[in-house]
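Enquirer: Before I ask anything, let me first share the structure, which is written out below as structure tokens.
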Amino acid sequence: MHASGMKRRPRPSGTPWDGAPDSDLTPAQIIVRDCHRDIYGYRHAGASAAGEADFFNGYERENCPRCGSGAVVRDGFDSNGVRRWRCRSCGRGFGPATGTIFEGRRLPVADWTEFLLEAMSFDGMAGIARSDRRSETTPPYWLAKLFLVLEGVQDGTVLSGRVQIDEMLYPLALADQPRMPDGSRMPGGYSRSNLCIGIGCDALGLSVFRAEGAGKTSGARTMAAFGGCIERGSTPVHDKENGHNRLVRELGLADERYDSREIKRLPDRENPLRDVNRLCFLLRLFLDSHNGFDRSRIGGYLDLFSVMMNPPRERMEKAAMVLDRAMSSPKTLRYREFYSKNPS
Ligand SMILES: [Zn+2]
């Protein structure tokens with residue numbers, strides 16, 4: 001196996017796990033690898049269906065998804081070769097996908113995997129629907145499932161050392177921007193017409209993305225965004241935004257502050273906020289690619305973007321990580337349920 005940190009141009013059919021025996025890989029890594037090879041011309045009849053059973057059978061069930069009891073036993077296989085389980089407490093049967101986002105699925109996991117690889121790019125949902133000739137209504141449903149799986153994915157991230165923090169403003173949907181009765185912009189309404197997104201990053205390459213609501217940040221909002229994810233003893237590197245004062249005071253942090261007008265004139269490599277600026281630039285590009293997205297779901301978009309920006313480094317490794325998370329998250333979202341709440 002090669003070091004994943006090495007700079008090299010990968011073959012288009014290459015994956016992070018080439019040369020590794022299947023026995024060294026997780027079920028999620030195997031299906032992502034096979035799905036990727038499929039896309040590059042290794043498709044052969046029935047392969048994805050067989051791969052799907054192997055994927056599901058790689059996950060043992062320790063508890064009953066219906067009653068929570070730990071008294072579960074293996075109970076043969078279904079007609080697709082996927083293992084069945086039975087609960088000795090409540091007597092009900094279930095499969096590896098029961099109680100996960102894959103329960104009641106109509107499409108193979110390999111398709112969801114392909115979607116996942118595409119979602120972690122700057123192409124946006126319209127591009128995904130076009131490139132796969134899928135129905136325009138499917139990607140929003142898959143995206144909603146993905147957001148469910150990603151809920152809480154940023155919770156464990158703790159930034160340390162020199163931590164750059166900044167806010168980015170992103171426009172609300174036109175209909176939600178405060179306007180005068182004649183439709184013109186309200187005086188001083190600029191900040192209230194925008195969502196505030198707090199971004200923080202450290203020298204280890206970890207980053208967090210927090211929705212702070214409409215309008216500029218405040219002491220309480222900066223605390224809510226960053227209070228739980230910056231290690232004590234760190235040094236925030238930031239501009240002179242007054243909203244940051246409380247964070248610095250309450251966490252007892254020593255900080256470095258810069259005048260944003262002055263550092264704007266510096267060449268990029270000398271700018272002390274260059275890493276957070278770069279994340280800001282990329283996040284705007286990513287959100288713009290989801291043209292007209294529902295702003296009430298900004299948290300999901302930020303979770304997805306955080307997966308794109310944080311380790312593991314390779315997109316396929318990220319996809320395997322998300323699949324593992326999906327199989328261990330007791331969350332379901334039925335198609336009918338989704339479209340009754342989202343009639344558009
Ligand atoms: Zn049970």
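Numbering starts fresh at 1 for the residues of each chain in the structure tokens, the chains themselves are lettered A, B, ... in the order given, and ligands are numbered from 1 as they appear.
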From a DSSP pass on the backbone, collect the residues of region 138-207 of chain A flagged as strand (DSSP E or B) and hand them back as a PDB file with N, CA and C atoms, in the first residue's frame.
Expert:
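The file below, out_6.pdb, is the result:
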ATOM      1  N   LEU A 159     -10.627  21.854  17.431  1.00  0.00           N
ATOM      2  CA  LEU A 159      -9.517  22.597  16.832  1.00  0.00           C
ATOM      3  C   LEU A 159      -8.534  22.977  17.933  1.00  0.00           C
ATOM      4  N   ARG A 162      -2.938  27.110  16.744  1.00  0.00           N
ATOM      5  CA  ARG A 162      -3.379  28.378  16.138  1.00  0.00           C
ATOM      6  C   ARG A 162      -4.647  28.102  15.343  1.00  0.00           C
ATOM      7  N   VAL A 163      -5.743  28.708  15.760  1.00  0.00           N
ATOM      8  CA  VAL A 163      -7.054  28.440  15.148  1.00  0.00           C
ATOM      9  C   VAL A 163      -7.563  29.695  14.447  1.00  0.00           C
ATOM     10  N   GLN A 164      -7.624  29.635  13.124  1.00  0.00           N
ATOM     11  CA  GLN A 164      -8.159  30.782  12.381  1.00  0.00           C
ATOM     12  C   GLN A 164      -9.684  30.718  12.396  1.00  0.00           C
ATOM     13  N   ILE A 165     -10.328  31.818  12.765  1.00  0.00           N
ATOM     14  CA  ILE A 165     -11.790  31.846  12.676  1.00  0.00           C
ATOM     15  C   ILE A 165     -12.259  33.083  11.906  1.00  0.00           C
ATOM     16  N   ASP A 166     -13.364  32.918  11.209  1.00  0.00           N
ATOM     17  CA  ASP A 166     -13.948  34.036  10.449  1.00  0.00           C
ATOM     18  C   ASP A 166     -15.398  33.698  10.133  1.00  0.00           C
ATOM     19  N   GLU A 167     -16.143  34.701   9.677  1.00  0.00           N
ATOM     20  CA  GLU A 167     -17.524  34.469   9.271  1.00  0.00           C
ATOM     21  C   GLU A 167     -17.663  34.760   7.788  1.00  0.00           C
ATOM     22  N   MET A 168     -18.607  34.039   7.177  1.00  0.00           N
ATOM     23  CA  MET A 168     -18.922  34.285   5.774  1.00  0.00           C
ATOM     24  C   MET A 168     -20.416  34.581   5.703  1.00  0.00           C
ATOM     25  N   LEU A 169     -20.793  35.562   4.899  1.00  0.00           N
ATOM     26  CA  LEU A 169     -22.221  35.850   4.707  1.00  0.00           C
ATOM     27  C   LEU A 169     -22.658  35.260   3.370  1.00  0.00           C
ATOM     28  N   TYR A 170     -23.804  34.561   3.395  1.00  0.00           N
ATOM     29  CA  TYR A 170     -24.307  33.957   2.154  1.00  0.00           C
ATOM     30  C   TYR A 170     -25.774  34.365   2.003  1.00  0.00           C
ATOM     31  N   PRO A 171     -26.186  34.882   0.821  1.00  0.00           N
ATOM     32  CA  PRO A 171     -27.534  35.455   0.687  1.00  0.00           C
ATOM     33  C   PRO A 171     -28.665  34.472   0.990  1.00  0.00           C
ATOM     34  N   ARG A 179     -37.415  43.432   2.856  1.00  0.00           N
ATOM     35  CA  ARG A 179     -37.573  44.454   1.807  1.00  0.00           C
ATOM     36  C   ARG A 179     -38.520  45.541   2.263  1.00  0.00           C
ATOM     37  N   ARG A 185     -34.304  47.426  -1.146  1.00  0.00           N
ATOM     38  CA  ARG A 185     -33.608  46.886   0.023  1.00  0.00           C
ATOM     39  C   ARG A 185     -33.820  47.799   1.230  1.00  0.00           C
ATOM     40  N   ASN A 194     -28.620  38.032   4.798  1.00  0.00           N
ATOM     41  CA  ASN A 194     -27.620  36.983   4.617  1.00  0.00           C
ATOM     42  C   ASN A 194     -27.579  36.022   5.789  1.00  0.00           C
ATOM     43  N   LEU A 195     -27.251  34.786   5.471  1.00  0.00           N
ATOM     44  CA  LEU A 195     -26.963  33.797   6.487  1.00  0.00           C
ATOM     45  C   LEU A 195     -25.528  34.009   6.936  1.00  0.00           C
ATOM     46  N   CYS A 196     -25.296  33.874   8.248  1.00  0.00           N
ATOM     47  CA  CYS A 196     -23.931  33.977   8.747  1.00  0.00           C
ATOM     48  C   CYS A 196     -23.408  32.562   8.994  1.00  0.00           C
ATOM     49  N   ILE A 197     -22.242  32.263   8.434  1.00  0.00           N
ATOM     50  CA  ILE A 197     -21.635  30.945   8.607  1.00  0.00           C
ATOM     51  C   ILE A 197     -20.267  31.116   9.270  1.00  0.00           C
ATOM     52  N   GLY A 198     -20.109  30.533  10.449  1.00  0.00           N
ATOM     53  CA  GLY A 198     -18.830  30.608  11.145  1.00  0.00           C
ATOM     54  C   GLY A 198     -17.909  29.494  10.657  1.00  0.00           C
ATOM     55  N   ILE A 199     -16.661  29.855  10.336  1.00  0.00           N
ATOM     56  CA  ILE A 199     -15.691  28.862   9.843  1.00  0.00           C
ATOM     57  C   ILE A 199     -14.452  28.917  10.724  1.00  0.00           C
ATOM     58  N   GLY A 200     -13.988  27.753  11.155  1.00  0.00           N
ATOM     59  CA  GLY A 200     -12.756  27.696  11.938  1.00  0.00           C
ATOM     60  C   GLY A 200     -11.858  26.596  11.399  1.00  0.00           C
ATOM     61  N   CYS A 201     -10.532  26.796  11.478  1.00  0.00           N
ATOM     62  CA  CYS A 201      -9.621  25.727  11.030  1.00  0.00           C
ATOM     63  C   CYS A 201      -8.310  25.823  11.792  1.00  0.00           C
ATOM     64  N   ASP A 202      -7.611  24.693  11.870  1.00  0.00           N
ATOM     65  CA  ASP A 202      -6.324  24.701  12.563  1.00  0.00           C
ATOM     66  C   ASP A 202      -5.215  24.166  11.663  1.00  0.00           C
ATOM     67  N   SER A 207     -11.289  21.344  10.277  1.00  0.00           N
ATOM     68  CA  SER A 207     -12.091  22.552  10.112  1.00  0.00           C
ATOM     69  C   SER A 207     -13.525  22.298  10.541  1.00  0.00           C
TER      70      SER A 207
END
Enquirer: Please, which residues in chain A fall within 9 Å of ligand 1 when counting only C-alpha atoms and all ligand atoms, and what is the closest atom pair and distance in Å to one decimal for each, ordered by chain then residue number, as a tab-separated table?
Expert:
residue	atom	partner	partner_atom_place_in_ligand_line	distance
A:Asn63	CA	ligand 1	1 (Zn)	7.8
A:Cys64	CA	ligand 1	1 (Zn)	4.6
A:Pro65	CA	ligand 1	1 (Zn)	6.7
A:Arg66	CA	ligand 1	1 (Zn)	5.0
A:Cys67	CA	ligand 1	1 (Zn)	4.1
A:Gly68	CA	ligand 1	1 (Zn)	5.9
A:Ser69	CA	ligand 1	1 (Zn)	5.4
A:Gly70	CA	ligand 1	1 (Zn)	8.1
A:Ala71	CA	ligand 1	1 (Zn)	7.7
A:Val72	CA	ligand 1	1 (Zn)	7.7
A:Arg86	CA	ligand 1	1 (Zn)	7.7
A:Cys87	CA	ligand 1	1 (Zn)	4.6
A:Arg88	CA	ligand 1	1 (Zn)	6.7
A:Ser89	CA	ligand 1	1 (Zn)	5.2
A:Cys90	CA	ligand 1	1 (Zn)	4.1
A:Gly91	CA	ligand 1	1 (Zn)	6.2
A:Arg92	CA	ligand 1	1 (Zn)	5.9
A:Gly93	CA	ligand 1	1 (Zn)	8.1
Enquirer: Which neighbours of Val248 (chain A) fall inside 12 Å, counting only C-alpha atoms, when residues of the same chain fewer than 2 positions from it are skipped, and could you give them as a PyMOL selection string?
Expert: chain A and resi 163+165+219-220+222-223+226-227+230-238+240-246+250-257
Enquirer: Output as a list in words all residues of region 54-136 of chain A that backbone DSSP marks as alpha helix (DSSP H).
Expert: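 Restricting region 54-136 of chain A to alpha helix (DSSP H) produces Asp54, Phe55, Phe56, Asn57, Val109, Ala110, Asp111, Trp112, Thr113, Glu114, Phe115, Leu116, Leu117, Glu118, Ala119, Gly124, Met125, Ala126, Gly127, Ile128, Ala129, Arg130, Ser131 and Asp132 of chain A.
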Enquirer: Can you measure CA of Gly104 (chain A) to CA of Phe147 (chain A) for me? One decimal in Å is fine.
Expert: 17.9 Å
Enquirer: As number ranges by chain, please: the residues near Ala320 (chain A) (cut-off 12 Å, only C-alpha atoms, same-chain neighbours under 3 positions excluded).
Expert: A: 15-17, 25-36, 55, 109-110, 112-114, 116-117, 307, 312-317, 323-327
Enquirer: Looking at only C-alpha atoms, which of A:Met120, A:Pro21, A:Arg336, A:Val158 is the one that sits closest to Tyr141 (chain A)?
Expert: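 Going through A:Met120, A:Pro21, A:Arg336, A:Val158 one by one, the smallest distance to Tyr141 (chain A) is for A:Arg336.
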Enquirer: Separation of CA of Asp155 (chain A) and CA of Leu282 (chain A), in Å?
Expert: 21.5 Å
Enquirer: What does the distance between CA of Phe338 (chain A) and CA of Leu148 (chain A) come to in Å, to one decimal place?
Expert: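 Pair CA of Phe338 (chain A) / CA of Leu148 (chain A) returns 11.8 Å.
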Enquirer: Which residue gives the smallest distance to Gly292 (chain A) among A:Ala175, A:Val73, A:Ile101, A:Gly156, with only C-alpha atoms counted?
Expert: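 That would be A:Ala175, the residue with the smallest distance to Gly292 (chain A).
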